[in-house]
file entry-v1.cif (mmCIF, C-alpha atoms)
data_start
#
loop_
_atom_site.label_atom_id
_atom_site.label_comp_id
_atom_site.auth_asym_id
_atom_site.auth_seq_id
_atom_site.Cartn_x
_atom_site.Cartn_y
_atom_site.Cartn_z
CA MET Y 92 -12.67 8.94 12.45
CA THR Y 93 -9.35 8.83 10.60
CA ASP Y 94 -10.86 6.48 8.00
CA LYS Y 95 -13.77 8.89 7.53
CA ILE Y 96 -11.38 11.81 6.95
CA LEU Y 97 -9.39 9.73 4.49
CA SER Y 98 -12.57 8.66 2.67
CA ARG Y 99 -13.77 12.28 2.46
CA LEU Y 100 -10.38 13.29 1.10
CA GLN Y 101 -10.39 10.49 -1.48
CA GLN Y 102 -13.71 11.74 -2.88
CA LYS Y 103 -12.12 15.04 -3.93
CA TYR Y 104 -8.47 14.11 -4.43
CA PRO Y 105 -7.79 10.54 -5.66
CA LEU Y 106 -5.19 8.81 -3.50
CA THR Y 107 -2.29 6.70 -4.73
CA ALA Y 108 -0.42 4.72 -2.10
CA ILE Y 109 3.28 5.38 -1.57
CA ASP Y 110 5.41 2.49 -0.29
CA ALA Y 111 6.39 3.31 3.30
CA GLY Y 112 9.04 0.58 3.25
CA GLU Y 113 10.70 -0.10 6.59
CA PHE Y 114 8.54 2.59 8.19
CA ALA Y 115 5.24 0.78 7.49
CA GLN Y 116 5.34 -0.74 10.97
CA LEU Y 117 7.37 0.58 13.89
CA LYS Y 118 7.74 -0.05 17.60
CA ALA Y 119 8.68 2.75 19.96
CA ASN Y 120 8.12 3.57 23.62
CA GLY Y 121 5.81 0.61 24.19
CA MET Y 122 3.64 1.53 21.21
CA THR Y 123 3.16 -0.17 17.83
CA PHE Y 124 2.83 2.23 14.90
CA THR Y 125 1.47 1.54 11.43
CA VAL Y 126 2.27 4.14 8.80
CA GLN Y 127 0.77 4.82 5.36
CA ALA Y 128 1.60 7.50 2.81
CA PHE Y 129 -0.26 8.68 -0.29
CA HIS Y 130 -0.07 11.11 -3.16
CA ALA Y 131 -3.37 12.99 -3.37
CA GLU Y 132 -3.85 14.05 -6.98
CA GLY Y 133 -4.27 17.82 -7.18
CA LEU Y 134 -3.51 18.28 -3.49
CA GLY Y 135 -0.14 16.91 -2.40
CA HIS Y 136 1.27 14.51 0.19
CA VAL Y 137 -0.88 12.68 2.76
CA SER Y 138 0.18 10.36 5.58
CA VAL Y 139 -1.63 8.37 8.25
CA MET Y 140 -0.04 6.98 11.38
CA ARG Y 141 -1.91 4.82 13.87
CA ALA Y 142 -0.53 3.73 17.23
CA LYS Y 143 -1.67 1.30 19.90
CA GLY Y 144 -0.04 0.38 23.16
CA PHE Y 145 -0.12 -0.21 26.89
CA PHE Y 146 -2.39 -3.26 26.52
CA GLY Y 147 -4.89 -1.36 24.41
CA LEU Y 148 -5.31 1.42 26.96
CA MET Y 149 -3.94 4.02 24.56
CA ARG Y 150 -4.75 4.67 20.90
CA MET Y 151 -3.45 7.50 18.78
CA ASP Y 152 -4.24 8.42 15.17
CA THR Y 153 -2.43 11.06 13.13
CA LEU Y 154 -3.28 12.34 9.65
CA ILE Y 155 -1.07 14.90 7.91
CA ILE Y 156 -1.68 16.78 4.67
CA ASN Y 157 1.12 18.72 3.04
CA PRO Y 158 -0.74 20.45 0.18
CA VAL Y 159 2.04 21.34 -2.26
CA GLU Y 160 -0.25 21.44 -5.33
CA ILE Y 161 -2.90 23.79 -3.94
CA ASP Y 162 -2.41 26.75 -1.62
CA LEU Y 163 -3.91 25.43 1.60
CA PRO Y 164 -2.25 25.43 5.03
CA LEU Y 165 -0.44 22.30 6.19
CA TYR Y 166 -3.00 20.18 8.10
CA SER Y 167 -2.20 17.93 11.06
CA TYR Y 168 -4.88 15.88 12.88
CA ASP Y 169 -4.17 13.99 16.10
CA ARG Y 170 -6.71 12.01 18.09
CA ILE Y 171 -5.66 10.35 21.34
CA PHE Y 172 -7.75 8.00 23.46
CA ALA Y 173 -6.12 7.27 26.82
CA MET Y 174 -7.19 6.84 30.43
CA GLY Y 175 -10.83 7.59 29.62
CA ASN Y 176 -9.94 10.85 27.89
CA ASP Y 177 -10.57 11.84 24.27
CA THR Y 178 -8.13 14.45 22.95
CA LEU Y 179 -8.54 16.20 19.60
CA ILE Y 180 -5.73 18.32 18.18
CA VAL Y 181 -6.01 19.84 14.72
CA GLU Y 182 -3.15 22.15 13.81
CA LEU Y 183 -2.97 24.30 10.71
CA TYR Y 184 0.39 25.76 9.72
CA ASP Y 185 1.08 28.74 7.49
CA THR Y 186 2.79 27.21 4.48
CA LEU Y 187 0.88 29.55 2.20
CA VAL Y 188 2.37 31.36 -0.78
CA GLY Y 189 -0.66 33.63 -1.26
CA ALA Y 190 -3.76 34.93 0.53
CA TYR Y 191 -6.06 32.54 2.40
CA ASP Y 192 -9.61 33.01 3.70
CA ALA Y 193 -10.03 31.05 6.95
CA ASP Y 194 -13.47 32.45 7.86
CA ALA Y 195 -15.27 29.11 7.34
CA LEU Y 196 -12.79 27.30 9.59
CA ALA Y 197 -13.17 29.98 12.27
CA ARG Y 198 -16.96 29.70 12.17
CA VAL Y 199 -16.82 25.94 12.69
CA LYS Y 200 -14.33 26.27 15.55
CA ASN Y 201 -16.42 28.95 17.26
CA GLY Y 202 -19.51 26.77 16.98
CA TYR Y 203 -17.95 24.22 19.33
CA ALA Y 204 -16.66 26.63 21.97
CA ASP Y 205 -18.61 24.67 24.61
CA LEU Y 206 -16.28 21.67 24.31
CA PRO Y 207 -13.51 21.56 26.95
CA GLU Y 208 -10.34 23.33 25.85
CA ARG Y 209 -6.89 21.75 26.10
CA ASP Y 210 -3.95 24.02 26.86
CA PRO Y 211 -1.56 23.45 23.93
CA GLY Y 212 1.34 25.09 25.77
CA THR Y 213 3.98 27.32 24.19
CA HIS Y 214 6.08 26.03 21.30
CA TRP Y 215 8.67 27.24 18.81
CA TYR Y 216 6.16 26.91 15.93
CA ASP Y 217 3.46 29.13 17.45
CA SER Y 218 4.29 31.99 15.05
CA ILE Y 219 3.25 29.87 12.04
CA LYS Y 220 0.33 28.03 13.66
CA LEU Y 221 -2.97 29.48 12.47
CA PRO Y 222 -5.60 30.60 15.02
CA GLU Y 223 -8.20 28.31 13.40
CA SER Y 224 -6.34 25.33 14.89
CA ILE Y 225 -8.18 23.22 17.51
CA SER Y 226 -7.11 21.81 20.87
CA LYS Y 227 -9.79 19.98 22.89
CA LYS Y 228 -9.71 17.38 25.66
CA GLY Y 229 -12.84 15.70 26.94
CA LYS Y 230 -14.25 12.41 28.18
CA LYS Y 231 -15.88 9.58 26.23
CA SER Y 232 -19.17 11.42 26.53
CA HIS Y 233 -17.69 14.21 24.40
CA THR Y 234 -16.60 11.87 21.58
CA PRO Y 235 -19.69 12.31 19.33
CA ARG Y 236 -19.34 16.13 19.38
CA LEU Y 237 -15.58 15.93 18.91
CA ASP Y 238 -16.22 13.70 15.90
CA GLN Y 239 -18.71 16.20 14.49
CA LEU Y 240 -16.29 19.08 15.05
CA THR Y 241 -13.60 17.12 13.21
CA LYS Y 242 -15.85 16.41 10.24
CA GLU Y 243 -17.16 19.96 9.90
CA HIS Y 244 -13.73 21.56 10.36
CA PHE Y 245 -12.17 19.22 7.79
CA ALA Y 246 -15.00 19.87 5.33
CA ALA Y 247 -14.37 23.60 5.69
CA TYR Y 248 -10.67 23.03 5.09
CA LEU Y 249 -11.29 20.97 1.93
CA SER Y 250 -13.82 23.43 0.52
CA SER Y 251 -11.57 26.47 1.04
CA ASP Y 252 -11.18 28.68 -2.00
CA ALA Y 253 -7.50 27.93 -2.62
CA ALA Y 254 -5.58 28.51 -5.83
CA PRO Y 255 -3.41 25.91 -7.58
CA VAL Y 256 0.30 26.35 -6.80
CA SER Y 257 2.49 27.26 -9.76
CA ASP Y 258 5.78 27.14 -7.84
CA GLN Y 259 5.57 23.86 -5.94
CA GLU Y 260 9.19 24.01 -4.83
CA THR Y 261 8.60 27.25 -2.93
CA LYS Y 262 5.47 25.75 -1.37
CA ARG Y 263 7.39 22.62 -0.35
CA GLN Y 264 10.14 24.75 1.19
CA LYS Y 265 7.58 26.56 3.35
CA ALA Y 266 6.47 23.18 4.74
CA SER Y 267 10.09 22.14 5.11
CA VAL Y 268 10.69 25.01 7.54
CA TYR Y 269 8.16 23.40 9.90
CA VAL Y 270 9.47 19.84 9.40
CA GLU Y 271 13.10 20.83 9.91
CA GLY Y 272 12.05 22.76 12.99
CA LEU Y 273 10.45 19.61 14.42
CA LEU Y 274 13.63 17.64 13.78
CA LYS Y 275 15.86 20.35 15.25
CA ASN Y 276 13.80 21.38 18.27
CA GLY Y 277 12.34 17.98 19.13
CA GLY Y 278 9.03 17.30 20.82
CA PRO Y 279 7.09 14.36 22.31
CA SER Y 280 6.71 12.31 19.11
CA THR Y 281 9.97 13.42 17.50
CA ASP Y 282 11.97 12.45 20.58
CA VAL Y 283 10.26 9.06 20.82
CA PHE Y 284 11.25 8.21 17.24
CA LYS Y 285 14.78 9.53 17.62
CA LYS Y 286 15.28 7.27 20.62
CA ALA Y 287 13.83 4.20 18.85
CA LEU Y 288 15.11 4.73 15.30
CA GLY Y 289 18.07 7.05 15.63
CA GLU Y 290 18.41 10.53 14.18
CA GLU Y 291 19.02 9.58 10.54
CA LYS Y 292 16.02 7.27 10.19
CA THR Y 293 13.76 9.71 12.03
CA GLU Y 294 14.75 12.40 9.54
CA ALA Y 295 13.89 10.06 6.65
CA LEU Y 296 10.55 9.13 8.26
CA PHE Y 297 9.54 12.78 8.68
CA ARG Y 298 10.82 14.15 5.37
CA GLU Y 299 9.96 11.29 3.03
CA ILE Y 300 6.95 9.52 4.55
CA LEU Y 301 5.07 11.72 7.01
CA PHE Y 302 5.42 15.13 5.30
CA GLY Y 303 6.81 14.46 1.81
CA THR Y 304 9.16 17.45 1.86
CA LYS Y 305 11.97 15.47 0.26
#

call {"tool": "encode", "arguments": {"input": "entry-v1.cif", "output": "structure tokens"}}
result
Amino acid sequence: MTDKILSRLQQKYPLTAIDAGEFAQLKANGMTFTVQAFHAEGLGHVSVMRAKGFFGLMRMDTLIINPVEIDLPLYSYDRIFAMGNDTLIVELYDTLVGAYDADALARVKNGYADLPERDPGTHWYDSIKLPESISKKGKKSHTPRLDQLTKEHFAAYLSSDAAPVSDQETKRQKASVYVEGLLKNGGPSTDVFKKALGEEKTEALFREILFGTK
């Protein structure tokens, strides 16, 4: 599914690869991670991180869009296959500098209300997480509908009526608030990388490769 999202993105915003350097392949907590980063022309920074581990019993894909060139929310897609479960997490963060119409995203989300919900818990970033975000956890039998939800939700995101950003530094700083919060407050993935890479390299990975805030 991650490749399909990336392909759909490429059709509208041409992608140019960014060298991920030492972060292109990482090992942490029994998992092997491969990391790619791109500049999406007219959109902003895009990254993809894929992880496999525990003898193939767990797979995790992440795709992040930090749209500094157009006024869309920050987009974060996570898909986790483990222990017979299929988990879909799409989080949208308010990094907007102007108004934003999320009606299309809400309609797509509401159209899949039958899929099992996942409790996302309470986090420090809840105040900037948009209500059109998605958190679902099902079984393999739910995978086709979770895939369809992903595609329709992402299409609604890409087709949003968003204005070009004139002050990209302000837009980048709005995203930086979220990224610096992740580094300061920690979390499952942040803590894993801090333990494996150390604090300094984790900061570089997040700011330069995953989110492109620096």

call {"tool": "atom_distance", "arguments": {"input": "entry-v1.cif", "atom1": "atom CA of Y:Gly202", "atom2": "atom CA of Y:Val181"}}
result
15.3 Å

call {"tool": "closest_residue", "arguments": {"input": "entry-v1.cif", "among": "Y:Gly272, Y:Lys285, Y:Asn157, Y:Ser226", "to": "Y:Gly212", "atoms": "only C-alpha atoms"}}
result
Y:Ser226

call {"tool": "closest_residue", "arguments": {"input": "entry-v1.cif", "among": "Y:Leu249, Y:Glu291, Y:Leu154, Y:Val270", "to": "Y:Gln102", "atoms": "all atoms listed in the file"}}
result
Y:Leu249

call {"tool": "axis_aligned_box", "arguments": {"input": "entry-v1.cif", "around": "stretch 130-144 of chain Y", "padding_each_side": "8 Å", "output": "JSON"}}
result
{"center_x": -1.5, "center_y": 9.3, "center_z": 8.0, "size_x": 21.5, "size_y": 33.9, "size_z": 46.3}

call {"tool": "closest_residue", "arguments": {"input": "entry-v1.cif", "among": "Y:Ala128, Y:Leu97, Y:Val137, Y:Leu148", "to": "Y:Asp110", "atoms": "only C-alpha atoms"}}
result
Y:Ala128

call {"tool": "residues_near_point", "arguments": {"input": "entry-v1.cif", "point": "(-11.4, 24.8, 5.3)", "cutoff": "9 Å", "atoms": "all atoms listed in the file", "output": "PyMOL selection string"}}
result
chain Y and resi 163+192-197+243-252

call {"tool": "residues_around", "arguments": {"input": "entry-v1.cif", "residues": "Y:Phe124", "least_positions_apart": "5", "cutoff": "12 Å", "atoms": "all atoms listed in the file", "output": "MDAnalysis selection string"}}
result
chainID Y and resid 113:119 139:144 149:153 280 283:284 287

call {"tool": "closest_residue", "arguments": {"input": "entry-v1.cif", "among": "Y:Glu290, Y:Glu223, Y:Glu260, Y:Glu271", "to": "Y:Pro158", "atoms": "only C-alpha atoms"}}
result
Y:Glu260

call {"tool": "atom_distance", "arguments": {"input": "entry-v1.cif", "atom1": "atom CA of Y:Asp238", "atom2": "atom CA of Y:Pro207"}}
result
13.8 Å

call {"tool": "resolve_selection", "arguments": {"input": "entry-v1.cif", "expression": "the PyMOL selection byres ((chain Y and resi 222) around 9)", "output": "list in words"}}
result
Glu182, Leu183, Ala197, Lys220, Leu221, Glu223, Ser224 and Ile225 of chain Y

call {"tool": "write_last_selection", "arguments": {"input": "entry-v1.cif", "atoms": "C-alpha atoms", "output": "PDB file, keeping the file's coordinate frame"}}
result
ATOM      1  CA  GLU Y 182      -3.150  22.150  13.810  1.00  0.00           C
ATOM      2  CA  LEU Y 183      -2.970  24.300  10.710  1.00  0.00           C
ATOM      3  CA  ALA Y 197     -13.170  29.980  12.270  1.00  0.00           C
ATOM      4  CA  LYS Y 220       0.330  28.030  13.660  1.00  0.00           C
ATOM      5  CA  LEU Y 221      -2.970  29.480  12.470  1.00  0.00           C
ATOM      6  CA  GLU Y 223      -8.200  28.310  13.400  1.00  0.00           C
ATOM      7  CA  SER Y 224      -6.340  25.330  14.890  1.00  0.00           C
ATOM      8  CA  ILE Y 225      -8.180  23.220  17.510  1.00  0.00           C
TER       9      ILE Y 225
END

call {"tool": "closest_residue", "arguments": {"input": "entry-v1.cif", "among": "Y:Leu106, Y:Val188, Y:Ala131, Y:Met92", "to": "Y:Arg263", "atoms": "all atoms listed in the file"}}
result
Y:Val188

call {"tool": "closest_residue", "arguments": {"input": "entry-v1.cif", "among": "Y:Thr123, Y:His214, Y:Glu132, Y:Leu296", "to": "Y:Asn276", "atoms": "only C-alpha atoms"}}
result
Y:His214

call {"tool": "residues_near_point", "arguments": {"input": "entry-v1.cif", "point": "(-13.7, 11.2, 24.7)", "cutoff": "9 Å", "atoms": "all atoms listed in the file", "output": "PDB file with C-alpha atoms, in the frame of the given file"}}
result
ATOM      1  CA  ILE Y 171      -5.660  10.350  21.340  1.00  0.00           C
ATOM      2  CA  PHE Y 172      -7.750   8.000  23.460  1.00  0.00           C
ATOM      3  CA  ALA Y 173      -6.120   7.270  26.820  1.00  0.00           C
ATOM      4  CA  GLY Y 175     -10.830   7.590  29.620  1.00  0.00           C
ATOM      5  CA  ASN Y 176      -9.940  10.850  27.890  1.00  0.00           C
ATOM      6  CA  ASP Y 177     -10.570  11.840  24.270  1.00  0.00           C
ATOM      7  CA  THR Y 178      -8.130  14.450  22.950  1.00  0.00           C
ATOM      8  CA  LEU Y 179      -8.540  16.200  19.600  1.00  0.00           C
ATOM      9  CA  LYS Y 228      -9.710  17.380  25.660  1.00  0.00           C
ATOM     10  CA  GLY Y 229     -12.840  15.700  26.940  1.00  0.00           C
ATOM     11  CA  LYS Y 230     -14.250  12.410  28.180  1.00  0.00           C
ATOM     12  CA  LYS Y 231     -15.880   9.580  26.230  1.00  0.00           C
ATOM     13  CA  SER Y 232     -19.170  11.420  26.530  1.00  0.00           C
ATOM     14  CA  HIS Y 233     -17.690  14.210  24.400  1.00  0.00           C
ATOM     15  CA  THR Y 234     -16.600  11.870  21.580  1.00  0.00           C
ATOM     16  CA  PRO Y 235     -19.690  12.310  19.330  1.00  0.00           C
ATOM     17  CA  LEU Y 237     -15.580  15.930  18.910  1.00  0.00           C
TER      18      LEU Y 237
END

call {"tool": "decode", "arguments": {"input": "entry-v1.cif", "residues": "stretch 175-297 of chain Y", "atoms": "C-alpha atoms", "output": "PDB file, in the first residue's frame"}}
result
ATOM      1  CA  GLY Y 175      -2.498 -11.618  12.596  1.00  0.00           C
ATOM      2  CA  ASN Y 176      -3.596  -8.023  13.119  1.00  0.00           C
ATOM      3  CA  ASP Y 177      -3.711  -5.201  10.570  1.00  0.00           C
ATOM      4  CA  THR Y 178      -3.408  -1.734  12.105  1.00  0.00           C
ATOM      5  CA  LEU Y 179      -3.944   1.485  10.148  1.00  0.00           C
ATOM      6  CA  ILE Y 180      -3.032   4.841  11.670  1.00  0.00           C
ATOM      7  CA  VAL Y 181      -3.305   8.031   9.636  1.00  0.00           C
ATOM      8  CA  GLU Y 182      -2.618  11.181  11.617  1.00  0.00           C
ATOM      9  CA  LEU Y 183      -3.093  14.715  10.343  1.00  0.00           C
ATOM     10  CA  TYR Y 184      -1.478  17.550  12.272  1.00  0.00           C
ATOM     11  CA  ASP Y 185      -2.380  21.228  12.218  1.00  0.00           C
ATOM     12  CA  THR Y 186       0.647  22.861  10.641  1.00  0.00           C
ATOM     13  CA  LEU Y 187      -1.622  25.199   8.707  1.00  0.00           C
ATOM     14  CA  VAL Y 188      -0.986  28.907   8.217  1.00  0.00           C
ATOM     15  CA  GLY Y 189      -4.472  29.588   6.810  1.00  0.00           C
ATOM     16  CA  ALA Y 190      -7.972  28.102   6.595  1.00  0.00           C
ATOM     17  CA  TYR Y 191      -8.476  24.463   5.603  1.00  0.00           C
ATOM     18  CA  ASP Y 192     -11.596  22.604   4.467  1.00  0.00           C
ATOM     19  CA  ALA Y 193     -11.461  19.015   5.762  1.00  0.00           C
ATOM     20  CA  ASP Y 194     -15.024  18.047   4.761  1.00  0.00           C
ATOM     21  CA  ALA Y 195     -13.896  15.566   2.079  1.00  0.00           C
ATOM     22  CA  LEU Y 196     -11.582  13.798   4.534  1.00  0.00           C
ATOM     23  CA  ALA Y 197     -14.367  13.626   7.121  1.00  0.00           C
ATOM     24  CA  ARG Y 198     -16.776  12.114   4.589  1.00  0.00           C
ATOM     25  CA  VAL Y 199     -14.300   9.373   3.689  1.00  0.00           C
ATOM     26  CA  LYS Y 200     -13.581   8.602   7.343  1.00  0.00           C
ATOM     27  CA  ASN Y 201     -17.292   8.439   8.203  1.00  0.00           C
ATOM     28  CA  GLY Y 202     -17.890   6.075   5.292  1.00  0.00           C
ATOM     29  CA  TYR Y 203     -15.743   3.422   6.989  1.00  0.00           C
ATOM     30  CA  ALA Y 204     -17.192   3.714  10.492  1.00  0.00           C
ATOM     31  CA  ASP Y 205     -17.944  -0.031  10.413  1.00  0.00           C
ATOM     32  CA  LEU Y 206     -14.248  -0.932  10.571  1.00  0.00           C
ATOM     33  CA  PRO Y 207     -12.974  -1.742  14.095  1.00  0.00           C
ATOM     34  CA  GLU Y 208     -11.665   1.304  15.936  1.00  0.00           C
ATOM     35  CA  ARG Y 209      -8.299   1.381  17.688  1.00  0.00           C
ATOM     36  CA  ASP Y 210      -7.989   3.436  20.862  1.00  0.00           C
ATOM     37  CA  PRO Y 211      -5.157   5.883  20.106  1.00  0.00           C
ATOM     38  CA  GLY Y 212      -4.747   6.792  23.780  1.00  0.00           C
ATOM     39  CA  THR Y 213      -3.989  10.263  25.128  1.00  0.00           C
ATOM     40  CA  HIS Y 214      -0.880  12.117  23.956  1.00  0.00           C
ATOM     41  CA  TRP Y 215       0.780  15.511  24.277  1.00  0.00           C
ATOM     42  CA  TYR Y 216       0.047  16.292  20.597  1.00  0.00           C
ATOM     43  CA  ASP Y 217      -3.721  15.733  20.772  1.00  0.00           C
ATOM     44  CA  SER Y 218      -4.400  19.489  20.649  1.00  0.00           C
ATOM     45  CA  ILE Y 219      -2.877  19.734  17.141  1.00  0.00           C
ATOM     46  CA  LYS Y 220      -4.109  16.388  15.787  1.00  0.00           C
ATOM     47  CA  LEU Y 221      -7.039  16.910  13.437  1.00  0.00           C
ATOM     48  CA  PRO Y 222     -10.306  14.972  13.969  1.00  0.00           C
ATOM     49  CA  GLU Y 223     -10.119  13.609  10.401  1.00  0.00           C
ATOM     50  CA  SER Y 224      -7.250  11.362  11.519  1.00  0.00           C
ATOM     51  CA  ILE Y 225      -7.829   7.578  11.443  1.00  0.00           C
ATOM     52  CA  SER Y 226      -7.062   4.815  13.943  1.00  0.00           C
ATOM     53  CA  LYS Y 227      -8.242   1.297  13.016  1.00  0.00           C
ATOM     54  CA  LYS Y 228      -7.197  -2.206  14.055  1.00  0.00           C
ATOM     55  CA  GLY Y 229      -8.591  -5.294  12.396  1.00  0.00           C
ATOM     56  CA  LYS Y 230      -7.701  -8.777  11.197  1.00  0.00           C
ATOM     57  CA  LYS Y 231      -6.401  -9.918   7.813  1.00  0.00           C
ATOM     58  CA  SER Y 232      -9.993 -10.132   6.633  1.00  0.00           C
ATOM     59  CA  HIS Y 233     -10.252  -6.357   7.079  1.00  0.00           C
ATOM     60  CA  THR Y 234      -7.167  -5.610   4.951  1.00  0.00           C
ATOM     61  CA  PRO Y 235      -8.979  -4.955   1.627  1.00  0.00           C
ATOM     62  CA  ARG Y 236     -11.302  -2.376   3.248  1.00  0.00           C
ATOM     63  CA  LEU Y 237      -8.447  -0.814   5.192  1.00  0.00           C
ATOM     64  CA  ASP Y 238      -6.572  -0.502   1.899  1.00  0.00           C
ATOM     65  CA  GLN Y 239      -9.582   1.148   0.266  1.00  0.00           C
ATOM     66  CA  LEU Y 240      -9.991   3.540   3.192  1.00  0.00           C
ATOM     67  CA  THR Y 241      -6.315   4.471   2.891  1.00  0.00           C
ATOM     68  CA  LYS Y 242      -6.589   5.163  -0.836  1.00  0.00           C
ATOM     69  CA  GLU Y 243      -9.781   7.211  -0.610  1.00  0.00           C
ATOM     70  CA  HIS Y 244      -8.601   9.209   2.414  1.00  0.00           C
ATOM     71  CA  PHE Y 245      -5.256   9.965   0.766  1.00  0.00           C
ATOM     72  CA  ALA Y 246      -6.972  10.990  -2.477  1.00  0.00           C
ATOM     73  CA  ALA Y 247      -9.141  13.404  -0.490  1.00  0.00           C
ATOM     74  CA  TYR Y 248      -6.031  14.792   1.183  1.00  0.00           C
ATOM     75  CA  LEU Y 249      -4.222  15.328  -2.139  1.00  0.00           C
ATOM     76  CA  SER Y 250      -7.229  16.940  -3.804  1.00  0.00           C
ATOM     77  CA  SER Y 251      -7.851  19.392  -0.950  1.00  0.00           C
ATOM     78  CA  ASP Y 252      -8.232  22.994  -2.029  1.00  0.00           C
ATOM     79  CA  ALA Y 253      -5.015  24.270  -0.446  1.00  0.00           C
ATOM     80  CA  ALA Y 254      -3.197  27.490  -1.270  1.00  0.00           C
ATOM     81  CA  PRO Y 255       0.521  27.753  -2.068  1.00  0.00           C
ATOM     82  CA  VAL Y 256       2.570  28.886   0.938  1.00  0.00           C
ATOM     83  CA  SER Y 257       4.284  32.251   0.571  1.00  0.00           C
ATOM     84  CA  ASP Y 258       6.111  32.102   3.913  1.00  0.00           C
ATOM     85  CA  GLN Y 259       7.644  28.630   3.923  1.00  0.00           C
ATOM     86  CA  GLU Y 260       9.752  29.317   7.003  1.00  0.00           C
ATOM     87  CA  THR Y 261       6.652  29.942   9.120  1.00  0.00           C
ATOM     88  CA  LYS Y 262       5.067  26.785   7.719  1.00  0.00           C
ATOM     89  CA  ARG Y 263       8.215  24.779   8.497  1.00  0.00           C
ATOM     90  CA  GLN Y 264       8.272  26.146  12.045  1.00  0.00           C
ATOM     91  CA  LYS Y 265       4.698  24.946  12.600  1.00  0.00           C
ATOM     92  CA  ALA Y 266       5.812  21.422  11.668  1.00  0.00           C
ATOM     93  CA  SER Y 267       8.909  21.822  13.804  1.00  0.00           C
ATOM     94  CA  VAL Y 268       6.734  22.295  16.896  1.00  0.00           C
ATOM     95  CA  TYR Y 269       5.428  18.749  16.382  1.00  0.00           C
ATOM     96  CA  VAL Y 270       8.846  17.249  15.575  1.00  0.00           C
ATOM     97  CA  GLU Y 271      10.563  18.887  18.540  1.00  0.00           C
ATOM     98  CA  GLY Y 272       7.698  17.703  20.720  1.00  0.00           C
ATOM     99  CA  LEU Y 273       8.309  14.120  19.585  1.00  0.00           C
ATOM    100  CA  LEU Y 274      12.003  14.434  20.421  1.00  0.00           C
ATOM    101  CA  LYS Y 275      11.323  16.039  23.797  1.00  0.00           C
ATOM    102  CA  ASN Y 276       8.390  13.942  24.989  1.00  0.00           C
ATOM    103  CA  GLY Y 277       9.420  10.622  23.453  1.00  0.00           C
ATOM    104  CA  GLY Y 278       7.130   7.839  22.331  1.00  0.00           C
ATOM    105  CA  PRO Y 279       7.344   4.229  21.094  1.00  0.00           C
ATOM    106  CA  SER Y 280       9.327   4.880  17.898  1.00  0.00           C
ATOM    107  CA  THR Y 281      11.278   7.872  19.211  1.00  0.00           C
ATOM    108  CA  ASP Y 282      12.471   5.926  22.242  1.00  0.00           C
ATOM    109  CA  VAL Y 283      13.495   2.932  20.125  1.00  0.00           C
ATOM    110  CA  PHE Y 284      15.723   5.119  17.949  1.00  0.00           C
ATOM    111  CA  LYS Y 285      17.174   7.026  20.892  1.00  0.00           C
ATOM    112  CA  LYS Y 286      18.213   3.746  22.471  1.00  0.00           C
ATOM    113  CA  ALA Y 287      19.747   2.393  19.240  1.00  0.00           C
ATOM    114  CA  LEU Y 288      21.245   5.569  17.755  1.00  0.00           C
ATOM    115  CA  GLY Y 289      21.652   7.948  20.659  1.00  0.00           C
ATOM    116  CA  GLU Y 290      19.953  11.297  21.108  1.00  0.00           C
ATOM    117  CA  GLU Y 291      22.008  13.327  18.620  1.00  0.00           C
ATOM    118  CA  LYS Y 292      21.570  10.948  15.683  1.00  0.00           C
ATOM    119  CA  THR Y 293      17.872  10.487  16.433  1.00  0.00           C
ATOM    120  CA  GLU Y 294      17.433  14.255  16.282  1.00  0.00           C
ATOM    121  CA  ALA Y 295      19.201  14.334  12.898  1.00  0.00           C
ATOM    122  CA  LEU Y 296      17.071  11.437  11.601  1.00  0.00           C
ATOM    123  CA  PHE Y 297      13.817  13.158  12.582  1.00  0.00           C
TER     124      PHE Y 297
END
